[in-house]
Amino acid sequence: MRLRFLGKNSTPGDSPTLYASDQNSYVVQGWKVYANDLLAQLDVPEGQTIIEVPPELFEHLTKDGHPSGKIKTFAAPIMLVTGQGTCILQGPEMHDPEALSQMRMPDYETCIEVPKSSIMALLEEHRGPDHVRPA
């Protein structure tokens with residue numbers, strides 16, 4: 001899998017990153033979630049993992065042709081929004097060696113692969129009740 005870097009939100013020691021893949025998906029790199037209170041709220045199937053990212057990370061979607069990267073609907077793959085305003089995402093953990101070789105990832109981070117359609121749905125205005133549970 002080939003990746004195209006879209007952007008990152010970095011401060012020293014932190015590096016959530018967003019990539020577009022050649023497989024019609026996005027790869028989202030974020031912080032591993034260890035907080036028991038968050039983990040207890042989620043059912044994480046085998047082969048999937050959860051990560052935490054700032055919502056501003058999605059602003060880099062404009063580099064993939066979207067007019068805006070502002071999240072308007074908080075739904076899967078976003079499973080929770082924390083009290084600090086960060087997003088908890090769930091998805092298949094990335095194991096593709098070619099993709100991983102293109103990334104710089106500290107030990108306290110991991111990445112998930114999410115279909116582009118799932119991310120694009122987050123950018124659309126949702127007209128029903130918001131079902132995302134606050135953390």
# chains A, B, ... in the order shown; residues from 1 in each chain; ligands from 1

call {"tool": "residues_around", "arguments": {"residues": "A:Lys32", "least_positions_apart": "6", "cutoff": "9 Å", "atoms": "only C-alpha atoms", "output": "PDB file with all heavy atoms, in the first residue's frame"}}
result
ATOM      1  N   THR A  49      -8.307  -1.650  16.748  1.00  0.00           N
ATOM      2  CA  THR A  49      -7.701  -0.926  17.852  1.00  0.00           C
ATOM      3  C   THR A  49      -8.339   0.445  17.936  1.00  0.00           C
ATOM      4  O   THR A  49      -9.105   0.831  17.057  1.00  0.00           O
ATOM      5  CB  THR A  49      -6.166  -0.830  17.680  1.00  0.00           C
ATOM      6  OG1 THR A  49      -5.584  -0.389  18.895  1.00  0.00           O
ATOM      7  CG2 THR A  49      -5.776   0.106  16.542  1.00  0.00           C
ATOM      8  N   ILE A  50      -8.032   1.160  18.989  1.00  0.00           N
ATOM      9  CA  ILE A  50      -8.542   2.524  19.120  1.00  0.00           C
ATOM     10  C   ILE A  50      -7.368   3.481  19.284  1.00  0.00           C
ATOM     11  O   ILE A  50      -6.334   3.134  19.851  1.00  0.00           O
ATOM     12  CB  ILE A  50      -9.551   2.672  20.277  1.00  0.00           C
ATOM     13  CG1 ILE A  50      -8.972   2.175  21.594  1.00  0.00           C
ATOM     14  CG2 ILE A  50     -10.829   1.938  19.966  1.00  0.00           C
ATOM     15  CD1 ILE A  50      -9.875   2.436  22.782  1.00  0.00           C
ATOM     16  N   ILE A  51      -7.556   4.658  18.730  1.00  0.00           N
ATOM     17  CA  ILE A  51      -6.550   5.712  18.812  1.00  0.00           C
ATOM     18  C   ILE A  51      -7.236   7.021  19.179  1.00  0.00           C
ATOM     19  O   ILE A  51      -8.449   7.155  19.026  1.00  0.00           O
ATOM     20  CB  ILE A  51      -5.766   5.877  17.488  1.00  0.00           C
ATOM     21  CG1 ILE A  51      -6.711   6.226  16.323  1.00  0.00           C
ATOM     22  CG2 ILE A  51      -4.936   4.639  17.188  1.00  0.00           C
ATOM     23  CD1 ILE A  51      -5.991   6.586  15.038  1.00  0.00           C
ATOM     24  N   GLU A  52      -6.438   7.970  19.613  1.00  0.00           N
ATOM     25  CA  GLU A  52      -6.938   9.301  19.966  1.00  0.00           C
ATOM     26  C   GLU A  52      -6.222  10.324  19.094  1.00  0.00           C
ATOM     27  O   GLU A  52      -5.000  10.253  18.933  1.00  0.00           O
ATOM     28  CB  GLU A  52      -6.665   9.567  21.442  1.00  0.00           C
ATOM     29  CG  GLU A  52      -7.184  10.880  21.956  1.00  0.00           C
ATOM     30  CD  GLU A  52      -7.000  11.037  23.458  1.00  0.00           C
ATOM     31  OE1 GLU A  52      -6.453  10.130  24.114  1.00  0.00           O
ATOM     32  OE2 GLU A  52      -7.407  12.095  23.974  1.00  0.00           O
ATOM     33  N   ASP A 107       6.602   4.665  19.729  1.00  0.00           N
ATOM     34  CA  ASP A 107       6.035   3.480  20.376  1.00  0.00           C
ATOM     35  C   ASP A 107       4.652   3.708  20.978  1.00  0.00           C
ATOM     36  O   ASP A 107       3.872   2.772  21.103  1.00  0.00           O
ATOM     37  CB  ASP A 107       6.966   2.972  21.478  1.00  0.00           C
ATOM     38  CG  ASP A 107       8.246   2.385  20.922  1.00  0.00           C
ATOM     39  OD1 ASP A 107       8.276   2.034  19.728  1.00  0.00           O
ATOM     40  OD2 ASP A 107       9.216   2.274  21.688  1.00  0.00           O
ATOM     41  N   TYR A 108       4.338   4.925  21.372  1.00  0.00           N
ATOM     42  CA  TYR A 108       3.064   5.205  22.033  1.00  0.00           C
ATOM     43  C   TYR A 108       1.960   5.554  21.029  1.00  0.00           C
ATOM     44  O   TYR A 108       0.882   5.994  21.407  1.00  0.00           O
ATOM     45  CB  TYR A 108       3.209   6.335  23.064  1.00  0.00           C
ATOM     46  CG  TYR A 108       3.822   7.594  22.506  1.00  0.00           C
ATOM     47  CD1 TYR A 108       3.032   8.556  21.887  1.00  0.00           C
ATOM     48  CD2 TYR A 108       5.195   7.807  22.586  1.00  0.00           C
ATOM     49  CE1 TYR A 108       3.593   9.701  21.359  1.00  0.00           C
ATOM     50  CE2 TYR A 108       5.765   8.960  22.061  1.00  0.00           C
ATOM     51  CZ  TYR A 108       4.960   9.894  21.456  1.00  0.00           C
ATOM     52  OH  TYR A 108       5.521  11.024  20.927  1.00  0.00           O
ATOM     53  N   GLU A 109       2.224   5.341  19.748  1.00  0.00           N
ATOM     54  CA  GLU A 109       1.230   5.583  18.711  1.00  0.00           C
ATOM     55  C   GLU A 109       1.030   4.325  17.879  1.00  0.00           C
ATOM     56  O   GLU A 109       1.871   3.437  17.859  1.00  0.00           O
ATOM     57  CB  GLU A 109       1.658   6.732  17.796  1.00  0.00           C
ATOM     58  CG  GLU A 109       1.663   8.073  18.486  1.00  0.00           C
ATOM     59  CD  GLU A 109       1.971   9.227  17.560  1.00  0.00           C
ATOM     60  OE1 GLU A 109       2.304   9.020  16.377  1.00  0.00           O
ATOM     61  OE2 GLU A 109       1.856  10.348  18.032  1.00  0.00           O
ATOM     62  N   THR A 110      -0.101   4.282  17.196  1.00  0.00           N
ATOM     63  CA  THR A 110      -0.383   3.242  16.221  1.00  0.00           C
ATOM     64  C   THR A 110      -1.273   3.865  15.151  1.00  0.00           C
ATOM     65  O   THR A 110      -1.576   5.064  15.216  1.00  0.00           O
ATOM     66  CB  THR A 110      -1.027   1.993  16.867  1.00  0.00           C
ATOM     67  OG1 THR A 110      -1.035   0.922  15.909  1.00  0.00           O
ATOM     68  CG2 THR A 110      -2.432   2.270  17.373  1.00  0.00           C
ATOM     69  N   CYS A 111      -1.697   3.083  14.177  1.00  0.00           N
ATOM     70  CA  CYS A 111      -2.530   3.655  13.122  1.00  0.00           C
ATOM     71  C   CYS A 111      -3.609   2.670  12.703  1.00  0.00           C
ATOM     72  O   CYS A 111      -3.479   1.461  12.879  1.00  0.00           O
ATOM     73  CB  CYS A 111      -1.694   4.091  11.933  1.00  0.00           C
ATOM     74  SG  CYS A 111      -0.727   2.779  11.183  1.00  0.00           S
TER      75      CYS A 111
END

call {"tool": "select_by_dssp", "arguments": {"residues": "chain A", "states": "strand (DSSP E or B)", "output": "short mmCIF file (atom, residue, chain, number, x, y, z; two decimals) with all heavy atoms, in the first residue's frame"}}
result
data_model
loop_
_atom_site.label_atom_id
_atom_site.label_comp_id
_atom_site.auth_asym_id
_atom_site.auth_seq_id
_atom_site.Cartn_x
_atom_site.Cartn_y
_atom_site.Cartn_z
N LEU A 3 1.26 5.31 0.50
CA LEU A 3 0.63 6.39 1.26
C LEU A 3 1.03 7.74 0.70
O LEU A 3 2.15 7.91 0.21
CB LEU A 3 1.03 6.31 2.73
CG LEU A 3 0.67 5.05 3.48
CD1 LEU A 3 1.18 5.14 4.91
CD2 LEU A 3 -0.83 4.81 3.46
N ARG A 4 0.11 8.69 0.81
CA ARG A 4 0.40 10.08 0.48
C ARG A 4 0.15 10.90 1.74
O ARG A 4 -0.95 10.90 2.29
CB ARG A 4 -0.48 10.56 -0.67
CG ARG A 4 -0.16 11.99 -1.12
CD ARG A 4 -0.87 12.32 -2.43
NE ARG A 4 -2.27 11.95 -2.46
CZ ARG A 4 -3.27 12.74 -2.03
NH1 ARG A 4 -3.01 13.94 -1.55
NH2 ARG A 4 -4.51 12.34 -2.11
N PHE A 5 1.19 11.55 2.22
CA PHE A 5 1.10 12.37 3.43
C PHE A 5 0.16 13.53 3.20
O PHE A 5 0.29 14.27 2.22
CB PHE A 5 2.51 12.88 3.77
CG PHE A 5 2.57 13.84 4.91
CD1 PHE A 5 2.54 13.40 6.22
CD2 PHE A 5 2.65 15.20 4.67
CE1 PHE A 5 2.60 14.29 7.27
CE2 PHE A 5 2.72 16.10 5.72
CZ PHE A 5 2.69 15.64 7.02
N LEU A 6 -0.83 13.70 4.09
CA LEU A 6 -1.74 14.83 4.01
C LEU A 6 -1.40 15.89 5.05
O LEU A 6 -1.54 17.08 4.79
CB LEU A 6 -3.18 14.39 4.19
CG LEU A 6 -3.74 13.47 3.10
CD1 LEU A 6 -5.17 13.08 3.41
CD2 LEU A 6 -3.64 14.12 1.73
N GLY A 7 -0.97 15.47 6.24
CA GLY A 7 -0.61 16.46 7.26
C GLY A 7 -0.55 15.85 8.64
O GLY A 7 -0.94 14.70 8.86
N LYS A 8 -0.03 16.64 9.55
CA LYS A 8 0.06 16.20 10.92
C LYS A 8 -0.16 17.36 11.85
O LYS A 8 -0.03 18.52 11.46
CB LYS A 8 1.40 15.51 11.19
CG LYS A 8 2.60 16.40 11.15
CD LYS A 8 3.96 15.72 11.32
CE LYS A 8 3.92 14.37 11.88
NZ LYS A 8 5.15 13.70 12.08
N THR A 11 3.25 18.64 18.13
CA THR A 11 3.92 19.40 19.16
C THR A 11 5.06 18.49 19.58
O THR A 11 5.04 17.29 19.26
CB THR A 11 2.98 19.69 20.36
OG1 THR A 11 2.51 18.44 20.87
CG2 THR A 11 1.80 20.55 19.95
N ASP A 14 4.50 14.64 20.17
CA ASP A 14 3.20 14.18 19.69
C ASP A 14 3.14 14.33 18.18
O ASP A 14 3.61 15.33 17.64
CB ASP A 14 2.07 15.00 20.30
CG ASP A 14 1.96 14.79 21.80
OD1 ASP A 14 2.22 13.67 22.26
OD2 ASP A 14 1.61 15.75 22.50
N THR A 17 -1.05 11.91 12.60
CA THR A 17 -0.79 12.15 11.19
C THR A 17 -1.90 11.53 10.35
O THR A 17 -2.45 10.50 10.71
CB THR A 17 0.58 11.53 10.80
OG1 THR A 17 1.58 11.98 11.72
CG2 THR A 17 0.99 11.93 9.40
N LEU A 18 -2.18 12.16 9.21
CA LEU A 18 -3.21 11.68 8.30
C LEU A 18 -2.59 11.42 6.93
O LEU A 18 -1.84 12.26 6.41
CB LEU A 18 -4.33 12.73 8.18
CG LEU A 18 -5.53 12.37 7.33
CD1 LEU A 18 -6.27 11.16 7.90
CD2 LEU A 18 -6.47 13.57 7.23
N TYR A 19 -2.91 10.25 6.37
CA TYR A 19 -2.43 9.85 5.06
C TYR A 19 -3.61 9.41 4.19
O TYR A 19 -4.58 8.86 4.70
CB TYR A 19 -1.48 8.64 5.15
CG TYR A 19 -0.26 8.83 5.99
CD1 TYR A 19 -0.29 8.53 7.35
CD2 TYR A 19 0.94 9.26 5.44
CE1 TYR A 19 0.85 8.68 8.14
CE2 TYR A 19 2.07 9.41 6.22
CZ TYR A 19 2.02 9.12 7.57
OH TYR A 19 3.15 9.27 8.34
N ALA A 20 -3.49 9.60 2.88
CA ALA A 20 -4.40 8.99 1.92
C ALA A 20 -3.66 7.79 1.33
O ALA A 20 -2.45 7.86 1.11
CB ALA A 20 -4.75 9.97 0.81
N SER A 21 -4.37 6.68 1.13
CA SER A 21 -3.72 5.50 0.56
C SER A 21 -4.15 5.31 -0.89
O SER A 21 -5.09 5.95 -1.36
CB SER A 21 -4.09 4.25 1.37
OG SER A 21 -5.36 3.76 0.98
N SER A 25 -8.64 4.57 0.88
CA SER A 25 -8.79 4.65 2.33
C SER A 25 -7.88 5.75 2.87
O SER A 25 -7.04 6.29 2.15
CB SER A 25 -8.43 3.31 2.99
OG SER A 25 -7.07 2.98 2.77
N TYR A 26 -8.12 6.07 4.13
CA TYR A 26 -7.23 6.96 4.87
C TYR A 26 -6.56 6.15 5.96
O TYR A 26 -7.17 5.23 6.53
CB TYR A 26 -7.99 8.13 5.50
CG TYR A 26 -8.50 9.12 4.49
CD1 TYR A 26 -9.85 9.22 4.21
CD2 TYR A 26 -7.61 9.96 3.81
CE1 TYR A 26 -10.31 10.13 3.28
CE2 TYR A 26 -8.07 10.86 2.86
CZ TYR A 26 -9.42 10.94 2.61
OH TYR A 26 -9.88 11.83 1.67
N VAL A 27 -5.33 6.48 6.25
CA VAL A 27 -4.61 5.89 7.37
C VAL A 27 -4.45 7.01 8.38
O VAL A 27 -3.93 8.08 8.07
CB VAL A 27 -3.26 5.30 6.94
CG1 VAL A 27 -2.47 4.80 8.15
CG2 VAL A 27 -3.49 4.16 5.94
N VAL A 28 -4.95 6.75 9.59
CA VAL A 28 -4.93 7.75 10.66
C VAL A 28 -4.00 7.24 11.74
O VAL A 28 -4.20 6.17 12.31
CB VAL A 28 -6.35 7.97 11.24
CG1 VAL A 28 -6.32 9.10 12.27
CG2 VAL A 28 -7.36 8.26 10.14
N GLN A 29 -2.96 8.01 12.00
CA GLN A 29 -1.98 7.69 13.03
C GLN A 29 -2.31 8.52 14.26
O GLN A 29 -2.49 9.74 14.16
CB GLN A 29 -0.58 8.02 12.53
CG GLN A 29 0.53 7.82 13.53
CD GLN A 29 1.88 8.23 12.97
OE1 GLN A 29 2.11 8.17 11.77
NE2 GLN A 29 2.77 8.65 13.84
N GLY A 30 -2.40 7.87 15.41
CA GLY A 30 -2.73 8.60 16.62
C GLY A 30 -2.19 7.92 17.86
O GLY A 30 -1.54 6.87 17.79
N TRP A 31 -2.51 8.51 19.00
CA TRP A 31 -2.03 8.00 20.28
C TRP A 31 -2.78 6.72 20.65
O TRP A 31 -4.00 6.65 20.53
CB TRP A 31 -2.23 9.04 21.37
CG TRP A 31 -1.60 10.35 21.08
CD1 TRP A 31 -0.26 10.63 20.95
CD2 TRP A 31 -2.26 11.60 20.89
NE1 TRP A 31 -0.07 11.96 20.69
CE2 TRP A 31 -1.28 12.58 20.64
CE3 TRP A 31 -3.61 11.98 20.90
CZ2 TRP A 31 -1.60 13.92 20.42
CZ3 TRP A 31 -3.92 13.31 20.67
CH2 TRP A 31 -2.91 14.26 20.43
N LYS A 32 -2.06 5.71 21.13
CA LYS A 32 -2.69 4.51 21.67
C LYS A 32 -3.50 4.91 22.90
O LYS A 32 -3.08 5.76 23.67
CB LYS A 32 -1.64 3.48 22.06
CG LYS A 32 -0.86 2.92 20.90
CD LYS A 32 0.19 1.94 21.39
CE LYS A 32 1.04 1.42 20.25
NZ LYS A 32 2.12 0.53 20.73
N GLN A 48 -9.00 -4.99 15.62
CA GLN A 48 -9.21 -3.55 15.61
C GLN A 48 -8.53 -2.94 16.83
O GLN A 48 -8.21 -3.63 17.80
CB GLN A 48 -10.70 -3.21 15.61
CG GLN A 48 -11.37 -3.65 14.34
CD GLN A 48 -12.61 -2.85 14.04
OE1 GLN A 48 -13.04 -1.97 14.77
NE2 GLN A 48 -13.21 -3.15 12.90
N THR A 49 -8.31 -1.65 16.75
CA THR A 49 -7.70 -0.93 17.85
C THR A 49 -8.34 0.45 17.94
O THR A 49 -9.10 0.83 17.06
CB THR A 49 -6.17 -0.83 17.68
OG1 THR A 49 -5.58 -0.39 18.89
CG2 THR A 49 -5.78 0.11 16.54
N ILE A 50 -8.03 1.16 18.99
CA ILE A 50 -8.54 2.52 19.12
C ILE A 50 -7.37 3.48 19.28
O ILE A 50 -6.33 3.13 19.85
CB ILE A 50 -9.55 2.67 20.28
CG1 ILE A 50 -8.97 2.18 21.59
CG2 ILE A 50 -10.83 1.94 19.97
CD1 ILE A 50 -9.87 2.44 22.78
N ILE A 51 -7.56 4.66 18.73
CA ILE A 51 -6.55 5.71 18.81
C ILE A 51 -7.24 7.02 19.18
O ILE A 51 -8.45 7.16 19.03
CB ILE A 51 -5.77 5.88 17.49
CG1 ILE A 51 -6.71 6.23 16.32
CG2 ILE A 51 -4.94 4.64 17.19
CD1 ILE A 51 -5.99 6.59 15.04
N GLU A 52 -6.44 7.97 19.61
CA GLU A 52 -6.94 9.30 19.97
C GLU A 52 -6.22 10.32 19.09
O GLU A 52 -5.00 10.25 18.93
CB GLU A 52 -6.66 9.57 21.44
CG GLU A 52 -7.18 10.88 21.96
CD GLU A 52 -7.00 11.04 23.46
OE1 GLU A 52 -6.45 10.13 24.11
OE2 GLU A 52 -7.41 12.09 23.97
N VAL A 53 -7.00 11.24 18.53
CA VAL A 53 -6.43 12.30 17.68
C VAL A 53 -7.18 13.60 17.95
O VAL A 53 -8.34 13.58 18.33
CB VAL A 53 -6.51 11.95 16.17
CG1 VAL A 53 -5.74 10.69 15.84
CG2 VAL A 53 -7.93 11.87 15.69
N ILE A 78 -15.40 7.54 14.48
CA ILE A 78 -15.26 8.27 15.75
C ILE A 78 -16.22 7.64 16.73
O ILE A 78 -17.44 7.65 16.52
CB ILE A 78 -15.53 9.77 15.59
CG1 ILE A 78 -14.51 10.41 14.65
CG2 ILE A 78 -15.50 10.46 16.96
CD1 ILE A 78 -14.76 11.88 14.35
N MET A 79 -15.69 7.09 17.81
CA MET A 79 -16.52 6.37 18.77
C MET A 79 -16.86 7.22 19.98
O MET A 79 -17.91 7.05 20.58
CB MET A 79 -15.80 5.10 19.23
CG MET A 79 -15.38 4.20 18.07
SD MET A 79 -16.70 3.80 16.90
CE MET A 79 -17.69 2.71 17.88
N LEU A 80 -15.96 8.11 20.35
CA LEU A 80 -16.15 8.98 21.51
C LEU A 80 -15.47 10.31 21.26
O LEU A 80 -14.53 10.40 20.48
CB LEU A 80 -15.51 8.37 22.77
CG LEU A 80 -15.99 7.03 23.28
CD1 LEU A 80 -15.04 6.51 24.34
CD2 LEU A 80 -17.38 7.16 23.85
N VAL A 81 -15.94 11.32 21.97
CA VAL A 81 -15.24 12.61 22.03
C VAL A 81 -14.91 12.81 23.51
O VAL A 81 -15.79 12.73 24.36
CB VAL A 81 -16.12 13.76 21.49
CG1 VAL A 81 -15.40 15.09 21.63
CG2 VAL A 81 -16.50 13.50 20.04
N CYS A 87 -10.76 13.15 19.65
CA CYS A 87 -11.61 12.10 19.10
C CYS A 87 -10.98 10.73 19.32
O CYS A 87 -9.79 10.55 19.08
CB CYS A 87 -11.79 12.31 17.60
SG CYS A 87 -12.60 13.86 17.17
N ILE A 88 -11.81 9.78 19.76
CA ILE A 88 -11.39 8.39 19.89
C ILE A 88 -11.93 7.66 18.66
O ILE A 88 -13.15 7.62 18.44
CB ILE A 88 -11.94 7.75 21.18
CG1 ILE A 88 -11.53 8.56 22.40
CG2 ILE A 88 -11.52 6.29 21.28
CD1 ILE A 88 -10.03 8.62 22.67
N LEU A 89 -11.01 7.12 17.85
CA LEU A 89 -11.38 6.41 16.63
C LEU A 89 -11.12 4.92 16.79
O LEU A 89 -10.18 4.53 17.48
CB LEU A 89 -10.57 6.91 15.43
CG LEU A 89 -10.99 8.23 14.81
CD1 LEU A 89 -10.55 9.39 15.64
CD2 LEU A 89 -10.46 8.34 13.42
N GLN A 90 -11.94 4.12 16.13
CA GLN A 90 -11.77 2.67 16.15
C GLN A 90 -11.71 2.17 14.72
O GLN A 90 -12.46 2.63 13.86
CB GLN A 90 -12.94 2.03 16.87
CG GLN A 90 -12.87 0.52 16.94
CD GLN A 90 -14.01 -0.05 17.77
OE1 GLN A 90 -14.30 0.45 18.84
NE2 GLN A 90 -14.65 -1.08 17.26
N GLY A 91 -10.82 1.22 14.48
CA GLY A 91 -10.72 0.64 13.15
C GLY A 91 -9.68 -0.44 13.10
O GLY A 91 -8.99 -0.71 14.09
N PRO A 92 -9.54 -1.07 11.93
CA PRO A 92 -8.55 -2.13 11.77
C PRO A 92 -7.13 -1.56 11.94
O PRO A 92 -6.78 -0.57 11.32
CB PRO A 92 -8.75 -2.62 10.34
CG PRO A 92 -10.05 -2.06 9.89
CD PRO A 92 -10.32 -0.86 10.72
N GLU A 93 -6.36 -2.21 12.81
CA GLU A 93 -4.98 -1.77 13.02
C GLU A 93 -4.18 -2.07 11.75
O GLU A 93 -4.32 -3.12 11.14
CB GLU A 93 -4.37 -2.48 14.21
CG GLU A 93 -3.02 -1.93 14.58
CD GLU A 93 -2.54 -2.40 15.94
OE1 GLU A 93 -3.17 -3.31 16.53
OE2 GLU A 93 -1.55 -1.84 16.42
N GLU A 109 2.22 5.34 19.75
CA GLU A 109 1.23 5.58 18.71
C GLU A 109 1.03 4.32 17.88
O GLU A 109 1.87 3.44 17.86
CB GLU A 109 1.66 6.73 17.80
CG GLU A 109 1.66 8.07 18.49
CD GLU A 109 1.97 9.23 17.56
OE1 GLU A 109 2.30 9.02 16.38
OE2 GLU A 109 1.86 10.35 18.03
N THR A 110 -0.10 4.28 17.20
CA THR A 110 -0.38 3.24 16.22
C THR A 110 -1.27 3.86 15.15
O THR A 110 -1.58 5.06 15.22
CB THR A 110 -1.03 1.99 16.87
OG1 THR A 110 -1.03 0.92 15.91
CG2 THR A 110 -2.43 2.27 17.37
N CYS A 111 -1.70 3.08 14.18
CA CYS A 111 -2.53 3.66 13.12
C CYS A 111 -3.61 2.67 12.70
O CYS A 111 -3.48 1.46 12.88
CB CYS A 111 -1.69 4.09 11.93
SG CYS A 111 -0.73 2.78 11.18
N ILE A 112 -4.68 3.24 12.17
CA ILE A 112 -5.80 2.46 11.67
C ILE A 112 -6.05 2.85 10.21
O ILE A 112 -5.69 3.95 9.78
CB ILE A 112 -7.08 2.66 12.50
CG1 ILE A 112 -7.56 4.11 12.47
CG2 ILE A 112 -6.87 2.18 13.94
CD1 ILE A 112 -8.92 4.33 13.14
N GLU A 113 -6.67 1.93 9.48
CA GLU A 113 -7.07 2.20 8.11
C GLU A 113 -8.58 2.34 8.09
O GLU A 113 -9.30 1.50 8.62
CB GLU A 113 -6.63 1.08 7.19
CG GLU A 113 -6.97 1.34 5.74
CD GLU A 113 -6.53 0.23 4.81
OE1 GLU A 113 -6.12 -0.84 5.28
OE2 GLU A 113 -6.63 0.44 3.59
N VAL A 114 -9.07 3.42 7.47
CA VAL A 114 -10.50 3.72 7.44
C VAL A 114 -10.91 4.00 5.99
O VAL A 114 -10.23 4.75 5.30
CB VAL A 114 -10.81 4.96 8.32
CG1 VAL A 114 -12.28 5.28 8.32
CG2 VAL A 114 -10.30 4.74 9.74
N PRO A 115 -12.00 3.40 5.52
CA PRO A 115 -12.45 3.70 4.16
C PRO A 115 -12.70 5.20 3.97
O PRO A 115 -13.20 5.86 4.88
CB PRO A 115 -13.77 2.93 4.03
CG PRO A 115 -13.72 1.88 5.09
CD PRO A 115 -12.90 2.46 6.20
N ARG A 133 -21.17 8.95 22.36
CA ARG A 133 -21.16 9.08 23.82
C ARG A 133 -20.00 9.95 24.25
O ARG A 133 -18.88 9.75 23.79
CB ARG A 133 -21.00 7.69 24.45
CG ARG A 133 -22.10 6.75 24.07
CD ARG A 133 -21.77 5.39 24.63
NE ARG A 133 -20.48 4.92 24.14
CZ ARG A 133 -20.29 3.80 23.49
NH1 ARG A 133 -21.29 3.01 23.23
NH2 ARG A 133 -19.10 3.44 23.09
N PRO A 134 -20.22 10.92 25.11
CA PRO A 134 -19.09 11.69 25.64
C PRO A 134 -18.27 10.79 26.54
O PRO A 134 -18.79 9.92 27.22
CB PRO A 134 -19.74 12.83 26.41
CG PRO A 134 -21.12 12.36 26.73
CD PRO A 134 -21.50 11.37 25.65
#

call {"tool": "atom_distance", "arguments": {"atom1": "atom CA of A:Ser117", "atom2": "atom CA of A:Pro77"}}
result
10.7 Å

call {"tool": "select_by_dssp", "arguments": {"residues": "chain A", "states": "alpha helix (DSSP H)", "output": "tab-separated table (two decimals) with N, CA, C and O atoms, in the first residue's frame"}}
result
chain	number	residue	atom	x	y	z
A	36	ASN	N	-8.46	3.18	31.13
A	36	ASN	CA	-9.48	2.16	31.40
A	36	ASN	C	-10.89	2.71	31.30
A	36	ASN	O	-11.79	2.00	30.85
A	37	ASP	N	-11.11	3.97	31.69
A	37	ASP	CA	-12.47	4.53	31.61
A	37	ASP	C	-12.94	4.64	30.17
A	37	ASP	O	-14.11	4.45	29.87
A	38	LEU	N	-12.03	4.91	29.25
A	38	LEU	CA	-12.39	4.96	27.83
A	38	LEU	C	-12.56	3.56	27.27
A	38	LEU	O	-13.53	3.29	26.55
A	39	LEU	N	-11.63	2.68	27.60
A	39	LEU	CA	-11.70	1.31	27.08
A	39	LEU	C	-12.97	0.60	27.53
A	39	LEU	O	-13.55	-0.18	26.78
A	97	PRO	N	3.28	-3.92	5.76
A	97	PRO	CA	4.69	-3.55	5.91
A	97	PRO	C	5.10	-2.38	5.02
A	97	PRO	O	5.88	-1.53	5.43
A	98	GLU	N	4.58	-2.34	3.78
A	98	GLU	CA	4.94	-1.26	2.87
A	98	GLU	C	4.45	0.08	3.42
A	98	GLU	O	5.17	1.07	3.43
A	99	ALA	N	3.21	0.11	3.91
A	99	ALA	CA	2.66	1.35	4.47
A	99	ALA	C	3.43	1.76	5.72
A	99	ALA	O	3.81	2.92	5.87
A	100	LEU	N	3.66	0.81	6.61
A	100	LEU	CA	4.37	1.14	7.85
A	100	LEU	C	5.79	1.63	7.59
A	100	LEU	O	6.30	2.47	8.34
A	101	SER	N	6.42	1.15	6.52
A	101	SER	CA	7.78	1.60	6.21
A	101	SER	C	7.81	3.06	5.76
A	101	SER	O	8.87	3.69	5.77
A	116	LYS	N	-12.34	5.71	2.81
A	116	LYS	CA	-12.57	7.13	2.54
A	116	LYS	C	-14.04	7.50	2.72
A	116	LYS	O	-14.35	8.56	3.24
A	117	SER	N	-14.94	6.61	2.35
A	117	SER	CA	-16.37	6.92	2.48
A	117	SER	C	-16.76	7.15	3.94
A	117	SER	O	-17.61	8.00	4.22
A	118	SER	N	-16.14	6.44	4.86
A	118	SER	CA	-16.45	6.64	6.29
A	118	SER	C	-15.99	8.00	6.77
A	118	SER	O	-16.68	8.65	7.56
A	119	ILE	N	-14.85	8.44	6.30
A	119	ILE	CA	-14.34	9.75	6.70
A	119	ILE	C	-15.16	10.85	6.02
A	119	ILE	O	-15.52	11.85	6.65
A	120	MET	N	-15.50	10.67	4.76
A	120	MET	CA	-16.29	11.69	4.06
A	120	MET	C	-17.65	11.87	4.71
A	120	MET	O	-18.18	12.97	4.76
A	121	ALA	N	-18.23	10.78	5.25
A	121	ALA	CA	-19.52	10.89	5.93
A	121	ALA	C	-19.43	11.78	7.17
A	121	ALA	O	-20.41	12.42	7.54
A	122	LEU	N	-18.26	11.86	7.79
A	122	LEU	CA	-18.08	12.72	8.96
A	122	LEU	C	-18.13	14.20	8.60
A	122	LEU	O	-18.39	15.05	9.46

call {"tool": "atom_distance", "arguments": {"atom1": "atom CA of A:His66", "atom2": "atom CA of A:Glu124"}}
result
11.2 Å

call {"tool": "closest_residue", "arguments": {"among": "A:Ser15, A:Arg2, A:Thr62, A:Gly83", "to": "A:Arg104", "atoms": "only C-alpha atoms"}}
result
A:Ser15

call {"tool": "atom_distance", "arguments": {"atom1": "atom CA of A:Pro16", "atom2": "atom CA of A:Met105"}}
result
9.1 Å

call {"tool": "residues_around", "arguments": {"residues": "A:Pro55", "least_positions_apart": "5", "cutoff": "8 Å", "atoms": "only C-alpha atoms", "output": "PyMOL selection string"}}
result
chain A and resi 70-71+85-87
